[in-house]
$ cat start11.cif   # mmCIF, C-alpha atoms
data_target
loop_
_atom_site.label_atom_id
_atom_site.label_comp_id
_atom_site.auth_asym_id
_atom_site.auth_seq_id
_atom_site.Cartn_x
_atom_site.Cartn_y
_atom_site.Cartn_z
CA MET A 1258 17.96 -9.30 -28.95
CA ILE A 1259 15.18 -9.61 -31.53
CA PRO A 1260 11.72 -8.95 -29.98
CA TYR A 1261 9.99 -11.39 -32.33
CA GLN A 1262 12.26 -14.24 -31.17
CA VAL A 1263 11.69 -13.42 -27.48
CA ILE A 1264 7.92 -13.52 -28.01
CA ARG A 1265 8.11 -16.78 -30.00
CA ASN A 1266 10.34 -18.46 -27.40
CA LYS A 1267 7.96 -17.61 -24.58
CA ARG A 1268 4.95 -18.60 -26.71
CA ASP A 1269 6.54 -22.02 -27.15
CA GLY A 1270 7.13 -22.39 -23.41
CA ASN A 1271 10.86 -21.78 -23.40
CA LYS A 1272 12.79 -20.03 -20.63
CA ILE A 1273 14.07 -16.56 -21.53
CA ASP A 1274 17.70 -15.76 -20.72
CA LYS A 1275 17.97 -13.11 -17.97
CA LYS A 1276 20.13 -10.76 -20.07
CA ILE A 1277 17.71 -10.93 -22.99
CA LEU A 1278 14.73 -10.43 -20.68
CA LYS A 1279 16.35 -7.35 -19.14
CA GLU A 1280 17.12 -5.88 -22.58
CA PHE A 1281 13.56 -6.62 -23.73
CA VAL A 1282 12.00 -4.83 -20.74
CA LEU A 1283 14.34 -1.82 -20.86
CA SER A 1284 13.84 -1.47 -24.61
CA TYR A 1285 10.09 -1.31 -24.03
CA VAL A 1286 10.47 1.33 -21.31
CA ASN A 1287 12.70 3.38 -23.64
CA GLY A 1288 10.12 3.20 -26.45
CA GLU A 1289 12.16 0.93 -28.72
CA ILE A 1290 9.61 -1.91 -28.52
CA PRO A 1291 5.98 -1.08 -29.39
CA ASP A 1292 2.95 -1.88 -27.24
CA TYR A 1293 1.75 -4.62 -29.59
CA GLN A 1294 4.92 -6.66 -29.14
CA MET A 1295 4.94 -6.28 -25.36
CA SER A 1296 1.23 -7.21 -25.36
CA ALA A 1297 2.05 -10.41 -27.25
CA PHE A 1298 4.82 -11.22 -24.78
CA LEU A 1299 2.52 -10.63 -21.78
CA MET A 1300 -0.11 -12.96 -23.23
CA ALA A 1301 2.56 -15.60 -23.84
CA VAL A 1302 3.60 -15.31 -20.17
CA TYR A 1303 -0.06 -15.53 -19.14
CA PHE A 1304 -0.46 -18.90 -20.88
CA GLN A 1305 3.03 -20.40 -20.48
CA GLY A 1306 3.98 -19.06 -17.05
CA MET A 1307 7.50 -18.65 -15.64
CA ASP A 1308 9.59 -20.53 -13.10
CA SER A 1309 11.04 -18.82 -10.01
CA GLU A 1310 14.37 -17.95 -11.65
CA GLU A 1311 12.63 -16.44 -14.67
CA ILE A 1312 10.27 -14.40 -12.45
CA LEU A 1313 13.34 -13.21 -10.54
CA SER A 1314 14.95 -12.13 -13.83
CA LEU A 1315 11.80 -10.23 -14.80
CA THR A 1316 11.70 -8.61 -11.35
CA ARG A 1317 15.36 -7.58 -11.65
CA ALA A 1318 14.65 -6.10 -15.09
CA TYR A 1319 11.80 -4.04 -13.64
CA ILE A 1320 14.05 -2.79 -10.82
CA ALA A 1321 16.84 -1.91 -13.26
CA SER A 1322 14.49 0.45 -15.12
CA GLY A 1323 14.68 3.11 -12.38
CA GLU A 1324 16.11 4.38 -9.12
CA THR A 1325 16.47 2.28 -5.98
CA MET A 1326 16.91 3.03 -2.28
CA ASN A 1327 19.81 1.78 -0.17
CA PHE A 1328 19.91 1.86 3.62
CA ASN A 1329 23.16 -0.05 4.21
CA ARG A 1330 24.76 3.04 5.76
CA PHE A 1331 22.38 2.97 8.73
CA ASP A 1332 23.44 1.19 11.91
CA PHE A 1333 20.05 -0.44 12.47
CA PRO A 1334 18.18 -3.19 10.60
CA THR A 1335 15.30 -2.38 8.27
CA SER A 1336 12.18 -4.34 7.36
CA ASP A 1337 9.01 -3.68 5.39
CA LYS A 1338 5.57 -5.24 5.02
CA HIS A 1339 3.31 -5.49 1.97
CA SER A 1340 -0.39 -6.36 1.88
CA THR A 1341 -2.16 -7.60 -1.24
CA GLY A 1342 -5.14 -5.50 -0.16
CA GLY A 1343 -8.38 -5.85 1.71
CA VAL A 1344 -11.27 -4.02 3.34
CA GLY A 1345 -10.56 -2.31 6.66
CA ASP A 1346 -6.87 -3.18 6.38
CA LYS A 1347 -5.21 -0.41 8.38
CA VAL A 1348 -2.40 -2.66 9.65
CA SER A 1349 0.41 -0.53 8.15
CA LEU A 1350 -0.72 2.51 10.14
CA VAL A 1351 0.01 0.83 13.48
CA LEU A 1352 2.59 -1.74 12.40
CA ALA A 1353 5.17 0.81 11.21
CA PRO A 1354 5.36 2.75 14.52
CA LEU A 1355 5.15 -0.46 16.57
CA VAL A 1356 8.11 -2.04 14.79
CA ALA A 1357 10.07 1.24 14.65
CA SER A 1358 9.65 1.62 18.42
CA CYS A 1359 11.53 -1.70 18.74
CA GLY A 1360 14.58 -0.33 16.92
CA VAL A 1361 13.88 -1.67 13.42
CA GLY A 1362 13.65 0.89 10.62
CA VAL A 1363 10.50 0.68 8.49
CA PRO A 1364 10.85 2.17 4.97
CA MET A 1365 7.39 1.87 3.46
CA ILE A 1366 6.38 2.79 -0.09
CA SER A 1367 2.60 2.48 -0.17
CA GLY A 1368 -0.26 2.86 -2.60
CA ARG A 1369 -3.69 4.39 -2.92
CA GLY A 1370 -7.04 2.65 -3.00
CA LEU A 1371 -7.39 0.03 -5.74
CA GLY A 1372 -10.87 -1.20 -6.67
CA HIS A 1373 -12.77 -2.14 -3.53
CA THR A 1374 -9.68 -2.03 -1.28
CA GLY A 1375 -8.50 1.02 0.64
CA GLY A 1376 -5.07 2.59 0.29
CA THR A 1377 -2.65 3.44 3.11
CA LEU A 1378 -1.80 6.81 1.54
CA ASP A 1379 -5.46 7.87 1.35
CA LYS A 1380 -5.90 6.98 5.02
CA LEU A 1381 -2.84 8.90 6.18
CA GLU A 1382 -3.71 11.90 4.02
CA SER A 1383 -6.98 12.25 5.94
CA ILE A 1384 -4.76 13.58 8.77
CA PRO A 1385 -4.61 17.39 8.33
CA GLY A 1386 -1.31 18.42 6.71
CA PHE A 1387 0.09 14.91 6.24
CA VAL A 1388 2.41 14.65 3.21
CA THR A 1389 3.22 11.40 1.37
CA ASP A 1390 4.88 12.82 -1.77
CA LEU A 1391 8.51 12.56 -0.66
CA ASP A 1392 11.74 12.31 -2.64
CA ILE A 1393 14.33 9.64 -1.88
CA GLU A 1394 16.56 12.05 0.05
CA ARG A 1395 13.72 13.04 2.39
CA CYS A 1396 12.76 9.38 2.89
CA CYS A 1397 16.31 8.62 4.01
CA GLU A 1398 16.30 11.61 6.36
CA LEU A 1399 13.08 10.42 8.00
CA LEU A 1400 14.38 6.88 8.37
CA SER A 1401 17.52 8.22 10.04
CA GLU A 1402 15.66 10.67 12.31
CA ILE A 1403 12.57 8.74 13.44
CA GLY A 1404 13.05 5.20 12.11
CA LEU A 1405 10.24 5.11 9.54
CA PHE A 1406 8.48 6.78 6.64
CA VAL A 1407 5.42 6.07 4.52
CA ALA A 1408 5.58 7.58 1.04
CA SER A 1409 4.12 7.27 -2.43
CA GLN A 1410 6.12 5.68 -5.22
CA THR A 1411 8.23 8.22 -7.09
CA ALA A 1412 8.04 8.42 -10.88
CA LYS A 1413 11.68 7.33 -11.08
CA MET A 1414 11.21 4.09 -9.13
CA VAL A 1415 10.37 1.02 -11.23
CA PRO A 1416 8.93 2.89 -14.25
CA ALA A 1417 8.79 -0.44 -16.11
CA ASP A 1418 6.06 -1.67 -13.78
CA LYS A 1419 3.92 1.42 -14.25
CA LYS A 1420 4.12 1.20 -18.04
CA ILE A 1421 3.64 -2.58 -18.23
CA TYR A 1422 0.84 -2.62 -15.65
CA ALA A 1423 -1.14 -0.13 -17.75
CA LEU A 1424 -0.75 -2.51 -20.69
CA ARG A 1425 -1.75 -5.57 -18.62
CA ASP A 1426 -4.88 -3.72 -17.57
CA VAL A 1427 -6.12 -3.50 -21.18
CA THR A 1428 -4.82 -6.85 -22.48
CA ALA A 1429 -6.53 -9.17 -19.94
CA THR A 1430 -3.21 -10.25 -18.40
CA VAL A 1431 -3.62 -8.75 -14.90
CA GLU A 1432 -4.28 -12.18 -13.31
CA SER A 1433 -0.97 -13.76 -14.38
CA ILE A 1434 0.89 -14.92 -11.24
CA PRO A 1435 4.41 -14.27 -12.67
CA LEU A 1436 3.38 -10.76 -13.74
CA ILE A 1437 1.72 -10.05 -10.38
CA VAL A 1438 4.83 -11.23 -8.53
CA ALA A 1439 7.22 -9.16 -10.67
CA SER A 1440 5.00 -6.10 -10.23
CA ILE A 1441 4.73 -6.36 -6.43
CA MET A 1442 8.23 -7.57 -5.66
CA SER A 1443 10.06 -5.11 -7.93
CA LYS A 1444 8.51 -2.19 -6.05
CA LYS A 1445 9.16 -3.68 -2.61
CA LEU A 1446 12.72 -4.81 -3.38
CA ALA A 1447 13.59 -1.44 -4.94
CA GLU A 1448 12.92 0.09 -1.51
CA GLY A 1449 16.07 -1.54 -0.18
CA ALA A 1450 14.65 -2.92 3.09
CA GLY A 1451 16.72 -5.64 4.75
CA SER A 1452 13.77 -8.03 5.00
CA LEU A 1453 10.18 -8.27 3.84
CA VAL A 1454 6.95 -9.68 5.25
CA LEU A 1455 3.98 -10.28 2.93
CA ASP A 1456 0.36 -10.24 4.06
CA VAL A 1457 -1.33 -12.26 1.31
CA LYS A 1458 -5.08 -12.12 1.75
CA PHE A 1459 -7.66 -14.61 0.52
CA GLY A 1460 -11.45 -14.72 0.61
CA ASN A 1461 -14.42 -12.85 -0.81
CA GLY A 1462 -12.87 -9.46 0.03
CA ALA A 1463 -9.44 -10.22 -1.44
CA PHE A 1464 -8.12 -10.26 -5.00
CA MET A 1465 -7.30 -13.95 -4.46
CA LYS A 1466 -10.68 -15.53 -3.69
CA ASN A 1467 -9.46 -18.96 -2.58
CA ILE A 1468 -6.62 -20.05 -0.35
CA GLN A 1469 -5.02 -22.25 -3.04
CA ASP A 1470 -4.43 -19.30 -5.41
CA ALA A 1471 -3.25 -17.15 -2.51
CA GLN A 1472 -0.77 -19.85 -1.48
CA THR A 1473 0.58 -20.09 -5.04
CA LEU A 1474 1.07 -16.31 -5.16
CA ALA A 1475 2.64 -16.20 -1.69
CA LYS A 1476 5.08 -19.04 -2.40
CA SER A 1477 6.20 -17.39 -5.63
CA MET A 1478 6.79 -14.02 -3.93
CA VAL A 1479 8.67 -15.65 -1.06
CA ASP A 1480 10.88 -17.52 -3.55
CA VAL A 1481 11.68 -14.35 -5.51
CA GLY A 1482 12.44 -12.30 -2.40
CA ASN A 1483 14.80 -14.90 -0.98
CA LEU A 1484 16.49 -15.55 -4.33
CA TYR A 1485 17.06 -11.78 -4.59
CA GLY A 1486 18.83 -11.93 -1.23
CA VAL A 1487 16.14 -10.33 0.93
CA PRO A 1488 14.77 -12.65 3.66
CA THR A 1489 11.05 -12.88 2.88
CA VAL A 1490 8.15 -14.53 4.71
CA ALA A 1491 4.43 -14.56 3.85
CA LEU A 1492 1.31 -14.87 5.99
CA LEU A 1493 -1.98 -15.98 4.46
CA THR A 1494 -4.73 -14.03 6.22
CA ASP A 1495 -8.52 -14.21 6.01
CA MET A 1496 -10.40 -11.46 4.17
CA ASN A 1497 -13.90 -12.94 4.27
CA GLN A 1498 -14.91 -10.05 6.52
CA PRO A 1499 -13.58 -6.52 7.11
CA LEU A 1500 -10.45 -6.45 9.27
CA GLY A 1501 -11.02 -4.80 12.64
CA GLU A 1502 -14.11 -2.64 13.12
CA TYR A 1503 -13.77 0.48 10.95
CA VAL A 1504 -13.80 0.86 7.16
CA GLY A 1505 -13.08 4.27 5.61
CA ASN A 1506 -10.08 6.59 5.46
CA ALA A 1507 -10.37 8.89 8.49
CA LEU A 1508 -12.33 6.22 10.35
CA GLU A 1509 -9.44 3.78 10.04
CA VAL A 1510 -7.07 6.42 11.39
CA VAL A 1511 -9.46 6.78 14.35
CA GLU A 1512 -9.33 3.02 14.90
CA SER A 1513 -5.53 3.02 14.64
CA ILE A 1514 -5.27 5.75 17.29
CA LYS A 1515 -7.71 3.92 19.57
CA TYR A 1516 -5.65 0.76 19.10
CA LEU A 1517 -2.36 2.47 19.94
CA ARG A 1518 -4.06 4.06 22.97
CA THR A 1519 -5.15 0.47 23.89
CA GLU A 1520 -8.78 1.61 23.97
CA LEU A 1521 -9.90 -0.72 21.17
CA ILE A 1522 -8.16 -4.03 20.41
CA PRO A 1523 -10.16 -5.98 17.78
CA PRO A 1524 -8.97 -9.63 18.04
CA ASP A 1525 -8.51 -10.26 14.29
CA PHE A 1526 -6.69 -6.97 13.71
CA HIS A 1527 -4.49 -7.51 16.78
CA THR A 1528 -3.54 -11.06 15.77
CA VAL A 1529 -2.54 -10.07 12.22
CA THR A 1530 -0.65 -6.95 13.35
CA MET A 1531 1.29 -8.67 16.12
CA THR A 1532 2.24 -11.67 13.99
CA LEU A 1533 3.43 -9.58 11.04
CA GLY A 1534 5.41 -7.32 13.37
CA ALA A 1535 6.93 -10.25 15.23
CA ILE A 1536 8.14 -11.76 11.95
CA MET A 1537 9.73 -8.42 11.01
CA LEU A 1538 11.57 -8.33 14.34
CA THR A 1539 12.67 -11.96 13.92
CA LEU A 1540 13.99 -11.45 10.38
CA SER A 1541 15.82 -8.33 11.60
CA GLY A 1542 17.60 -10.29 14.34
CA VAL A 1543 16.11 -8.23 17.18
CA VAL A 1544 14.46 -11.33 18.68
CA GLU A 1545 15.04 -15.06 18.28
CA ASN A 1546 11.49 -16.12 17.45
CA ILE A 1547 7.96 -14.93 16.78
CA LEU A 1548 6.81 -15.43 20.37
CA GLN A 1549 9.55 -13.12 21.66
CA GLY A 1550 8.64 -10.64 18.95
CA LYS A 1551 5.00 -10.57 20.01
CA GLN A 1552 6.03 -10.04 23.63
CA MET A 1553 8.26 -7.09 22.70
CA LEU A 1554 5.55 -5.51 20.55
CA GLU A 1555 2.96 -5.97 23.30
CA LYS A 1556 5.22 -4.10 25.74
CA LYS A 1557 5.65 -1.22 23.27
CA LEU A 1558 1.89 -1.08 22.77
CA GLN A 1559 0.99 -1.17 26.46
CA SER A 1560 3.70 1.32 27.49
CA GLY A 1561 2.55 3.95 25.00
CA GLU A 1562 5.91 3.99 23.17
CA ALA A 1563 4.26 2.93 19.90
CA LEU A 1564 1.71 5.75 20.26
CA GLU A 1565 4.53 8.24 20.85
CA LYS A 1566 6.29 6.96 17.73
CA PHE A 1567 3.05 7.35 15.73
CA ALA A 1568 2.75 10.98 16.90
CA GLU A 1569 6.40 11.60 15.99
CA PHE A 1570 5.80 10.04 12.56
CA ILE A 1571 2.71 12.19 11.88
CA SER A 1572 4.55 15.37 12.85
CA ALA A 1573 7.66 14.51 10.80
CA GLN A 1574 5.55 14.12 7.64
CA GLY A 1575 3.75 17.43 8.14
CA GLY A 1576 0.62 16.18 9.87
CA ASP A 1577 -1.15 17.51 12.95
CA ALA A 1578 -0.04 15.16 15.74
CA ASN A 1579 -2.76 16.58 18.00
CA VAL A 1580 -5.11 14.04 16.39
CA ILE A 1581 -3.55 11.52 18.79
CA ASN A 1582 -5.36 13.20 21.69
CA ASN A 1583 -8.32 14.59 19.78
CA THR A 1584 -9.66 12.51 16.89
CA ASP A 1585 -12.31 15.19 16.26
CA LEU A 1586 -9.56 17.02 14.38
CA LEU A 1587 -9.93 14.38 11.64
CA PRO A 1588 -12.58 14.84 8.93
CA THR A 1589 -15.93 13.76 10.40
CA ALA A 1590 -19.08 12.64 8.57
CA PRO A 1591 -22.04 14.96 9.26
CA GLU A 1592 -24.59 12.12 9.31
CA CYS A 1593 -24.69 8.58 10.63
CA GLY A 1594 -27.22 5.77 10.96
CA LYS A 1595 -27.51 2.23 12.32
CA PHE A 1596 -27.84 -1.02 10.41
CA PRO A 1597 -29.77 -3.46 12.65
CA ALA A 1598 -29.97 -7.25 12.73
CA SER A 1599 -33.11 -8.44 10.92
CA ALA A 1600 -33.66 -11.40 13.27
CA ASP A 1601 -32.32 -13.21 16.31
CA GLY A 1602 -29.38 -15.45 15.43
CA PHE A 1603 -25.76 -15.16 14.34
CA ILE A 1604 -23.71 -13.26 11.76
CA ALA A 1605 -23.19 -15.87 9.03
CA SER A 1606 -21.10 -13.99 6.48
CA PHE A 1607 -20.18 -10.69 4.86
CA ASP A 1608 -19.93 -9.81 1.18
CA THR A 1609 -16.65 -8.05 1.85
CA THR A 1610 -16.00 -6.92 -1.71
CA GLY A 1611 -19.56 -5.58 -1.80
CA ILE A 1612 -18.88 -3.62 1.39
CA GLY A 1613 -15.72 -2.19 -0.14
CA MET A 1614 -17.57 -1.22 -3.32
CA LEU A 1615 -20.35 0.39 -1.27
CA GLY A 1616 -17.65 2.49 0.35
CA VAL A 1617 -16.36 3.46 -3.10
CA GLU A 1618 -19.92 4.40 -4.13
CA MET A 1619 -20.12 6.67 -1.08
CA GLY A 1620 -16.79 8.32 -1.95
CA ALA A 1621 -14.33 6.43 0.27
CA GLY A 1622 -12.55 5.15 -2.85
CA ARG A 1623 -12.15 6.06 -6.51
CA LYS A 1624 -14.15 5.04 -9.56
CA LYS A 1625 -11.62 6.90 -11.75
CA MET A 1626 -7.98 7.71 -11.02
CA ASP A 1627 -8.65 11.46 -10.74
CA ASP A 1628 -11.62 11.14 -8.35
CA ILE A 1629 -11.34 13.01 -5.05
CA VAL A 1630 -11.77 10.74 -2.02
CA ASP A 1631 -14.17 11.72 0.77
CA PRO A 1632 -12.19 10.81 3.92
CA ARG A 1633 -15.24 11.15 6.19
CA VAL A 1634 -17.45 8.32 5.00
CA GLY A 1635 -17.45 4.63 5.88
CA PHE A 1636 -18.65 2.03 8.35
CA ARG A 1637 -18.06 0.62 11.80
CA PHE A 1638 -18.87 -3.07 12.30
CA LEU A 1639 -19.85 -3.82 15.88
CA LYS A 1640 -20.55 -7.47 15.06
CA LYS A 1641 -18.40 -9.92 13.11
CA THR A 1642 -18.81 -13.42 11.68
CA GLY A 1643 -19.98 -15.87 14.35
CA ASP A 1644 -21.21 -13.19 16.76
CA LYS A 1645 -24.65 -13.65 18.30
CA VAL A 1646 -27.22 -10.92 17.60
CA CYS A 1647 -30.74 -10.05 18.66
CA ARG A 1648 -33.33 -8.64 16.29
CA GLY A 1649 -32.90 -4.87 16.10
CA GLU A 1650 -29.39 -4.92 17.61
CA THR A 1651 -26.90 -2.68 15.82
CA VAL A 1652 -24.58 -4.62 13.51
CA ALA A 1653 -22.93 -1.63 11.84
CA ILE A 1654 -22.89 2.16 11.96
CA ILE A 1655 -22.94 4.01 8.65
CA TYR A 1656 -21.12 7.35 8.35
CA GLY A 1657 -22.27 9.42 5.37
CA ALA A 1658 -21.99 12.79 3.69
CA ASP A 1659 -25.75 13.34 4.00
CA ILE A 1660 -28.83 11.54 5.29
CA SER A 1661 -29.86 10.22 1.87
CA GLN A 1662 -26.45 8.56 1.48
CA VAL A 1663 -26.79 6.97 4.92
CA LYS A 1664 -30.26 5.61 4.09
CA PHE A 1665 -28.99 4.25 0.78
CA ALA A 1666 -26.05 2.51 2.49
CA ILE A 1667 -28.30 0.95 5.14
CA SER A 1668 -30.56 -0.51 2.45
CA GLU A 1669 -27.53 -1.83 0.53
CA MET A 1670 -26.02 -3.33 3.67
CA GLU A 1671 -29.06 -5.62 3.95
CA LYS A 1672 -27.76 -7.40 0.83
CA LEU A 1673 -24.18 -7.63 2.12
CA VAL A 1674 -24.62 -9.22 5.56
CA GLU A 1675 -26.13 -12.68 6.00
CA PHE A 1676 -27.65 -13.99 9.22
CA SER A 1677 -28.08 -17.57 10.44
CA SER A 1678 -30.40 -19.08 13.03
CA SER A 1679 -27.67 -21.62 13.89
CA PRO A 1680 -24.25 -20.93 15.47
CA VAL A 1681 -21.47 -20.05 13.01
CA GLU A 1682 -17.77 -20.75 13.56
CA LYS A 1683 -15.58 -17.66 13.82
CA PRO A 1684 -12.88 -17.59 11.12
CA ARG A 1685 -9.17 -17.79 11.96
CA ALA A 1686 -7.46 -14.53 11.09
CA ILE A 1687 -4.23 -16.29 10.03
CA ARG A 1688 -4.25 -19.51 8.04
CA LEU A 1689 -0.66 -20.17 6.89
CA LEU A 1690 2.91 -18.97 7.27
CA ILE A 1691 5.24 -19.55 4.33
CA ASP A 1692 9.00 -19.05 4.44
CA LYS A 1693 11.71 -20.31 2.08
CA THR A 1694 11.68 -23.83 3.53
CA ARG A 1695 8.35 -24.39 5.35
CA ILE A 1696 4.60 -23.98 5.28
CA ILE A 1697 3.18 -23.72 8.83
CA GLN A 1698 -0.55 -24.08 9.47
CA SER A 1699 -0.79 -23.74 13.26
CA GLU A 1700 -0.53 -20.32 14.92
CA GLN A 1701 0.99 -22.09 17.93
CA GLU A 1702 3.95 -23.14 15.77
CA MET A 1703 4.59 -19.62 14.48
#
$ encode --input "start11.cif" --output "structure tokens"
Amino acid sequence: MIPYQVIRNKRDGNKIDKKILKEFVLSYVNGEIPDYQMSAFLMAVYFQGMDSEEILSLTRAYIASGETMNFNRFDFPTSDKHSTGGVGDKVSLVLAPLVASCGVGVPMISGRGLGHTGGTLDKLESIPGFVTDLDIERCCELLSEIGLFVASQTAKMVPADKKIYALRDVTATVESIPLIVASIMSKKLAEGAGSLVLDVKFGNGAFMKNIQDAQTLAKSMVDVGNLYGVPTVALLTDMNQPLGEYVGNALEVVESIKYLRTELIPPDFHTVTMTLGAIMLTLSGVVENILQGKQMLEKKLQSGEALEKFAEFISAQGGDANVINNTDLLPTAPECGKFPASADGFIASFDTTGIGMLGVEMGAGRKKMDDIVDPRVGFRFLKKTGDKVCRGETVAIIYGADISQVKFAISEMEKLVEFSSSPVEKPRAIRLLIDKTRIIQSEQEM
């Protein structure tokens, strides 16, 4: 393998042999290929693209660079879910215990906040004592004992992605679909789950702003997962407004607990959670179809079994499970204020990325990798797109570290929420389902 020839072949639009691609990636990870040659290759991929088989080869090369997990020895099926990221997306927090309570193991390697989007690990770590830094042996123990775990990626898993992603970040190649797919799918497939469900978000609060780009990404990830031998399905979900009501680390844990206690069931959040979970149960062979899956999950939610599993999960990873009965044990913002409607009418739209970035500005996310997150701050949206409002009615509650921060956030929120004097249609939470053979548009068909 001669690096120059690999770069030239991809520059000219040729397909790279899987063995050569693997050697190229591993040589870079081992320091035998310099950054400037990998940068040239990444730019060639950005302009020339890759077909599904080539993306699969790149994904396999990433996986081969480090350790993998294997759960074949367990006598129960396993399934995982990945979200491309959004604002208020706390689905993983309730989905994992819901699905695990149905007898399907959920091994979940999650991330921290990225840009304007929140991270599952940051949310869980707002629970006193909760630990996400687990080695592979401990992850397997938890899966065996309680049927789930949520952990951070270890340094030994897919090191190629970490090194190449850092290079993509400074070479303007982050947006390449093949490189995005290889990055996401290598990490998820290295987990060893028996099936995978992808929540691919689109809209002004997602990384994919329009549904066409989101569909392209979703189809490519579904192809790679299935070609790898892991049954994979994607949902395209709307991120033109925050998901559910709460945004912020501890606040989203509060919402998750209220949901599992059946005290607060936001329609959009419930629809996305139940559909993702039902697909996981279907792929795992526990139920025959999505409708049966939703019915099983609903029973686990209403009976309190999912809440019990969540408490068991918190305790097993070192957290204080008493938060289930007393959310005041979570970090709480000392100040709060109300953002009112400026006129009679309807909620027209949200600048969802702007809301996420306002949260980052307040400390809910990171501006730099080593920033310390403030788990207390965030928002609660009492009104969503299409809801009718009266002048002065509370649209959102702001939770801040001090009164000046609350006042600042209220003034900023005026720029991020638009009102209309005419009725506005409420958005559908789920737009498409994509599996290896079909694209389904109607929720009734799912």
$ resolve_selection --input "start11.cif" --expression "the PyMOL selection byres ((chain A and resi 1458) around 10)" --output "list of chain:residue names"
A:Ser1340, A:Thr1341, A:Gly1342, A:Gly1343, A:Leu1455, A:Asp1456, A:Val1457, A:Phe1459, A:Gly1460, A:Asn1461, A:Gly1462, A:Ala1463, A:Phe1464, A:Met1465, A:Lys1466, A:Asn1467, A:Ile1468, A:Ala1471, A:Gln1472, A:Ala1475, A:Leu1492, A:Leu1493, A:Thr1494, A:Asp1495, A:Met1496, A:Asn1497, A:Ala1686, A:Ile1687, A:Arg1688
$ atom_distance --input "start11.cif" --atom1 "CA of Val1344 (chain A)" --atom2 "CA of Thr1374 (chain A)"
5.3 Å
$ closest_atom_pairs --input "start11.cif" --of "region 1296-1387 of chain A" --to "region 1616-1634 of chain A" --cutoff "9 Å" --atoms "all atoms listed in the file" --output "JSON lines"
{"residue": "A:Arg1369", "atom": "CA", "partner": "A:Gly1622", "partner_atom": "CA", "distance": 8.9}
{"residue": "A:Gly1370", "atom": "CA", "partner": "A:Gly1622", "partner_atom": "CA", "distance": 6.1}
{"residue": "A:Leu1371", "atom": "CA", "partner": "A:Arg1623", "partner_atom": "CA", "distance": 7.7}
{"residue": "A:Gly1372", "atom": "CA", "partner": "A:Arg1623", "partner_atom": "CA", "distance": 7.4}
{"residue": "A:His1373", "atom": "CA", "partner": "A:Val1617", "partner_atom": "CA", "distance": 6.7}
{"residue": "A:Thr1374", "atom": "CA", "partner": "A:Gly1622", "partner_atom": "CA", "distance": 7.9}
{"residue": "A:Gly1375", "atom": "CA", "partner": "A:Gly1622", "partner_atom": "CA", "distance": 6.8}
{"residue": "A:Gly1376", "atom": "CA", "partner": "A:Gly1622", "partner_atom": "CA", "distance": 8.5}
{"residue": "A:Asp1379", "atom": "CA", "partner": "A:Val1630", "partner_atom": "CA", "distance": 7.7}
{"residue": "A:Lys1380", "atom": "CA", "partner": "A:Pro1632", "partner_atom": "CA", "distance": 7.4}
{"residue": "A:Glu1382", "atom": "CA", "partner": "A:Pro1632", "partner_atom": "CA", "distance": 8.6}
{"residue": "A:Ser1383", "atom": "CA", "partner": "A:Pro1632", "partner_atom": "CA", "distance": 5.8}
$ resolve_selection --input "start11.cif" --expression "the PyMOL selection byres ((chain A and resi 1580) around 10)" --output "ChimeraX atom specification"
/A:1384-1385,1510-1511,1514,1568,1571,1576-1579,1581-1587
$ write_last_selection --input "start11.cif" --atoms "C-alpha atoms" --output "mmCIF file, keeping the file's coordinate frame"
data_model
loop_
_atom_site.group_PDB
_atom_site.id
_atom_site.type_symbol
_atom_site.label_atom_id
_atom_site.label_comp_id
_atom_site.auth_asym_id
_atom_site.auth_seq_id
_atom_site.Cartn_x
_atom_site.Cartn_y
_atom_site.Cartn_z
ATOM 1 C CA ILE A 1384 -4.760 13.580 8.770
ATOM 2 C CA PRO A 1385 -4.610 17.390 8.330
ATOM 3 C CA VAL A 1510 -7.070 6.420 11.390
ATOM 4 C CA VAL A 1511 -9.460 6.780 14.350
ATOM 5 C CA ILE A 1514 -5.270 5.750 17.290
ATOM 6 C CA ALA A 1568 2.750 10.980 16.900
ATOM 7 C CA ILE A 1571 2.710 12.190 11.880
ATOM 8 C CA GLY A 1576 0.620 16.180 9.870
ATOM 9 C CA ASP A 1577 -1.150 17.510 12.950
ATOM 10 C CA ALA A 1578 -0.040 15.160 15.740
ATOM 11 C CA ASN A 1579 -2.760 16.580 18.000
ATOM 12 C CA ILE A 1581 -3.550 11.520 18.790
ATOM 13 C CA ASN A 1582 -5.360 13.200 21.690
ATOM 14 C CA ASN A 1583 -8.320 14.590 19.780
ATOM 15 C CA THR A 1584 -9.660 12.510 16.890
ATOM 16 C CA ASP A 1585 -12.310 15.190 16.260
ATOM 17 C CA LEU A 1586 -9.560 17.020 14.380
ATOM 18 C CA LEU A 1587 -9.930 14.380 11.640
#
$ resolve_selection --input "start11.cif" --expression "the PyMOL selection byres ((chain A and resi 1316) around 10)" --output "PyMOL selection string"
chain A and resi 1278-1279+1310-1315+1317-1321+1415+1417-1418+1435-1436+1438-1444+1446-1447+1481-1482+1485
$ atom_distance --input "start11.cif" --atom1 "CA of Ile1434 (chain A)" --atom2 "CA of Ala1491 (chain A)"
15.5 Å
$ closest_residue --input "start11.cif" --among "A:Asp1337, A:Asp1601, A:Glu1555, A:Asp1292" --to "Cys1647 (chain A)" --atoms "all atoms listed in the file"
A:Asp1601
$ atom_distance --input "start11.cif" --atom1 "CA of Cys1593 (chain A)" --atom2 "CA of Lys1664 (chain A)"
9.1 Å
$ closest_residue --input "start11.cif" --among "A:Thr1609, A:Ser1296, A:Ser1322, A:Gln1662" --to "Ala1429 (chain A)" --atoms "all atoms listed in the file"
A:Ser1296
